[in-house]
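Taking it in order: structure first as structure tokens, then the write-up.
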Amino acid sequence: MDRNVNIIVGLNGERIVLINDICFKGKKREEWKEVEEYLKEYVGEFYEIEETSEKIFISRSFPDEYAGSKDRLTLKGVVAKAKANPAQGIPELIQIADNREHSQNRKKKHEKDPRYGWYRYDVRFALPVYDDKSGEVCRYNVFFARMLVRHDRDGKKYLYDLLAIKKETSSPLV
């Protein structure tokens, strides 16, 4: 797995996962299959949230949920690319997650696995923007997202999806 990812601190002290390469450029179904295949390399691993020392596991269902979720199907333009490319920084996104929020199950279909409900965490990541003429990185756009984690009946927490991805309107990283 080839990754070029760093964690930086923004001007307001927030931690940001800096993704230095755009691996997934398109938004077509075929490219989402590539994202799903990429994510399969994380299956069976776990990563720790630095703030709370919680272990977040990656299950076999994660790649399919991430690449095929209803949330992903509604994304357009830059935000669709912003859903695909953080796949490169999953370990770092888990590491910097903060602002934990718990909620109970809302859907009947979720009674089986996430018996203990859901956790949502705030994460930020930055993606490069390339100059059309030179092809060089001219800046980074910063995005905010909610990382969704299910708390299963086995007592473990599993990464489920990245939701509510929004480009931050503050100044981009230069």
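Residues are referred to by chain and number: the chain letter is A, B, ... according to the order shown in the structure tokens, the number counts from 1 in that chain, and ligands are numbered separately from 1 in the order shown.
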Distance query Ile7 in chain A at most 10 Å, only C-alpha atoms, self and fewer than 5 positions along chain excluded, as a list of chain:residue names: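 Residues meeting the cut-off are A:Arg15, A:Ile16, A:Val17, A:Leu18, A:Ile19, A:Gly89, A:Glu92, A:Leu93, A:Gln95, A:Ile96, A:Arg124, A:Phe125, A:Ala126.
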Arg3 in chain A surroundings by only C-alpha atoms, 12 Å radius, close-in-sequence under 4 positions cut, as an MDAnalysis selection string: chainID A and resid 18:23 38 85:92
Separation of CA of Asp64 in chain A from CA of Arg150 in chain A in Å: 15.0 Å
So which residues touch range 160-170 of chain A within 7 Å, counting only C-alpha atoms, skipping near sequence neighbours fewer than 3 positions away, as a PDB file with N, CA, C and O atoms, in the first residue's frame?
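Output contents, as saved in out.pdb:
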```pdb
ATOM      1  N   PHE A  62     -16.340  -2.952   5.999  1.00  0.00           N
ATOM      2  CA  PHE A  62     -15.997  -1.536   5.846  1.00  0.00           C
ATOM      3  C   PHE A  62     -15.768  -1.092   4.403  1.00  0.00           C
ATOM      4  O   PHE A  62     -16.356  -0.085   3.973  1.00  0.00           O
ATOM      5  N   GLU A  65     -19.117  -0.747   2.568  1.00  0.00           N
ATOM      6  CA  GLU A  65     -19.953   0.328   3.123  1.00  0.00           C
ATOM      7  C   GLU A  65     -19.404   1.688   2.722  1.00  0.00           C
ATOM      8  O   GLU A  65     -20.140   2.580   2.323  1.00  0.00           O
ATOM      9  N   TYR A  66     -18.106   1.867   2.813  1.00  0.00           N
ATOM     10  CA  TYR A  66     -17.475   3.146   2.495  1.00  0.00           C
ATOM     11  C   TYR A  66     -17.676   3.516   1.030  1.00  0.00           C
ATOM     12  O   TYR A  66     -18.043   4.635   0.701  1.00  0.00           O
ATOM     13  N   ASP A  71     -24.811   7.633   1.261  1.00  0.00           N
ATOM     14  CA  ASP A  71     -24.176   8.948   1.384  1.00  0.00           C
ATOM     15  C   ASP A  71     -23.234   9.206   0.211  1.00  0.00           C
ATOM     16  O   ASP A  71     -23.231  10.274  -0.378  1.00  0.00           O
ATOM     17  N   VAL A  79     -16.500  17.146  -3.753  1.00  0.00           N
ATOM     18  CA  VAL A  79     -16.796  16.403  -2.533  1.00  0.00           C
ATOM     19  C   VAL A  79     -16.755  14.894  -2.795  1.00  0.00           C
ATOM     20  O   VAL A  79     -16.380  14.118  -1.921  1.00  0.00           O
ATOM     21  N   VAL A 142      -9.010  22.084   2.609  1.00  0.00           N
ATOM     22  CA  VAL A 142      -9.265  21.400   3.873  1.00  0.00           C
ATOM     23  C   VAL A 142     -10.735  21.000   3.918  1.00  0.00           C
ATOM     24  O   VAL A 142     -11.613  21.792   3.568  1.00  0.00           O
ATOM     25  N   PHE A 143     -10.975  19.768   4.371  1.00  0.00           N
ATOM     26  CA  PHE A 143     -12.327  19.233   4.483  1.00  0.00           C
ATOM     27  C   PHE A 143     -12.590  18.788   5.913  1.00  0.00           C
ATOM     28  O   PHE A 143     -11.689  18.308   6.605  1.00  0.00           O
ATOM     29  N   PHE A 144     -13.824  18.919   6.322  1.00  0.00           N
ATOM     30  CA  PHE A 144     -14.314  18.432   7.606  1.00  0.00           C
ATOM     31  C   PHE A 144     -15.200  17.220   7.322  1.00  0.00           C
ATOM     32  O   PHE A 144     -15.917  17.188   6.315  1.00  0.00           O
ATOM     33  N   ALA A 145     -15.162  16.217   8.181  1.00  0.00           N
ATOM     34  CA  ALA A 145     -16.046  15.058   8.030  1.00  0.00           C
ATOM     35  C   ALA A 145     -16.374  14.499   9.410  1.00  0.00           C
ATOM     36  O   ALA A 145     -15.700  14.793  10.400  1.00  0.00           O
ATOM     37  N   ARG A 146     -17.417  13.683   9.442  1.00  0.00           N
ATOM     38  CA  ARG A 146     -17.790  12.947  10.649  1.00  0.00           C
ATOM     39  C   ARG A 146     -17.442  11.481  10.403  1.00  0.00           C
ATOM     40  O   ARG A 146     -17.907  10.884   9.437  1.00  0.00           O
ATOM     41  N   MET A 147     -16.605  10.931  11.251  1.00  0.00           N
ATOM     42  CA  MET A 147     -16.229   9.531  11.172  1.00  0.00           C
ATOM     43  C   MET A 147     -17.248   8.740  11.981  1.00  0.00           C
ATOM     44  O   MET A 147     -17.454   9.008  13.164  1.00  0.00           O
ATOM     45  N   LEU A 148     -17.886   7.780  11.335  1.00  0.00           N
ATOM     46  CA  LEU A 148     -18.922   6.973  11.977  1.00  0.00           C
ATOM     47  C   LEU A 148     -18.336   5.621  12.384  1.00  0.00           C
ATOM     48  O   LEU A 148     -17.740   4.920  11.570  1.00  0.00           O
ATOM     49  N   VAL A 149     -18.532   5.270  13.652  1.00  0.00           N
ATOM     50  CA  VAL A 149     -18.003   4.032  14.220  1.00  0.00           C
ATOM     51  C   VAL A 149     -19.158   3.286  14.881  1.00  0.00           C
ATOM     52  O   VAL A 149     -19.928   3.880  15.631  1.00  0.00           O
ATOM     53  N   ARG A 150     -19.276   1.984  14.593  1.00  0.00           N
ATOM     54  CA  ARG A 150     -20.325   1.187  15.246  1.00  0.00           C
ATOM     55  C   ARG A 150     -19.720   0.440  16.434  1.00  0.00           C
ATOM     56  O   ARG A 150     -18.588  -0.042  16.373  1.00  0.00           O
TER      57      ARG A 150
END
```
Helix (DSSP H, G or I) call set, DSSP backbone run, chain A, as number ranges by chain: A: 29-42, 62-68, 70-73, 77-96, 108-110
Residue among A:Ser103, A:Ser134, A:Ser59, A:Ser53 lying closest to Tyr158 in chain A, counting only C-alpha atoms: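 Distance minimum relative to Tyr158 in chain A lands on A:Ser59.
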Residues of chain A in strand (DSSP E), written as number ranges by chain: A: 5-9, 15-19, 46-48, 55-57, 98-103, 118-130, 137-151, 157-167
Contacts of Thr52 in chain A within 12 Å, only C-alpha atoms, excl. fewer than 2 positions in-chain, as a ChimeraX atom specification: /A:47-50,54-56,94-100,121
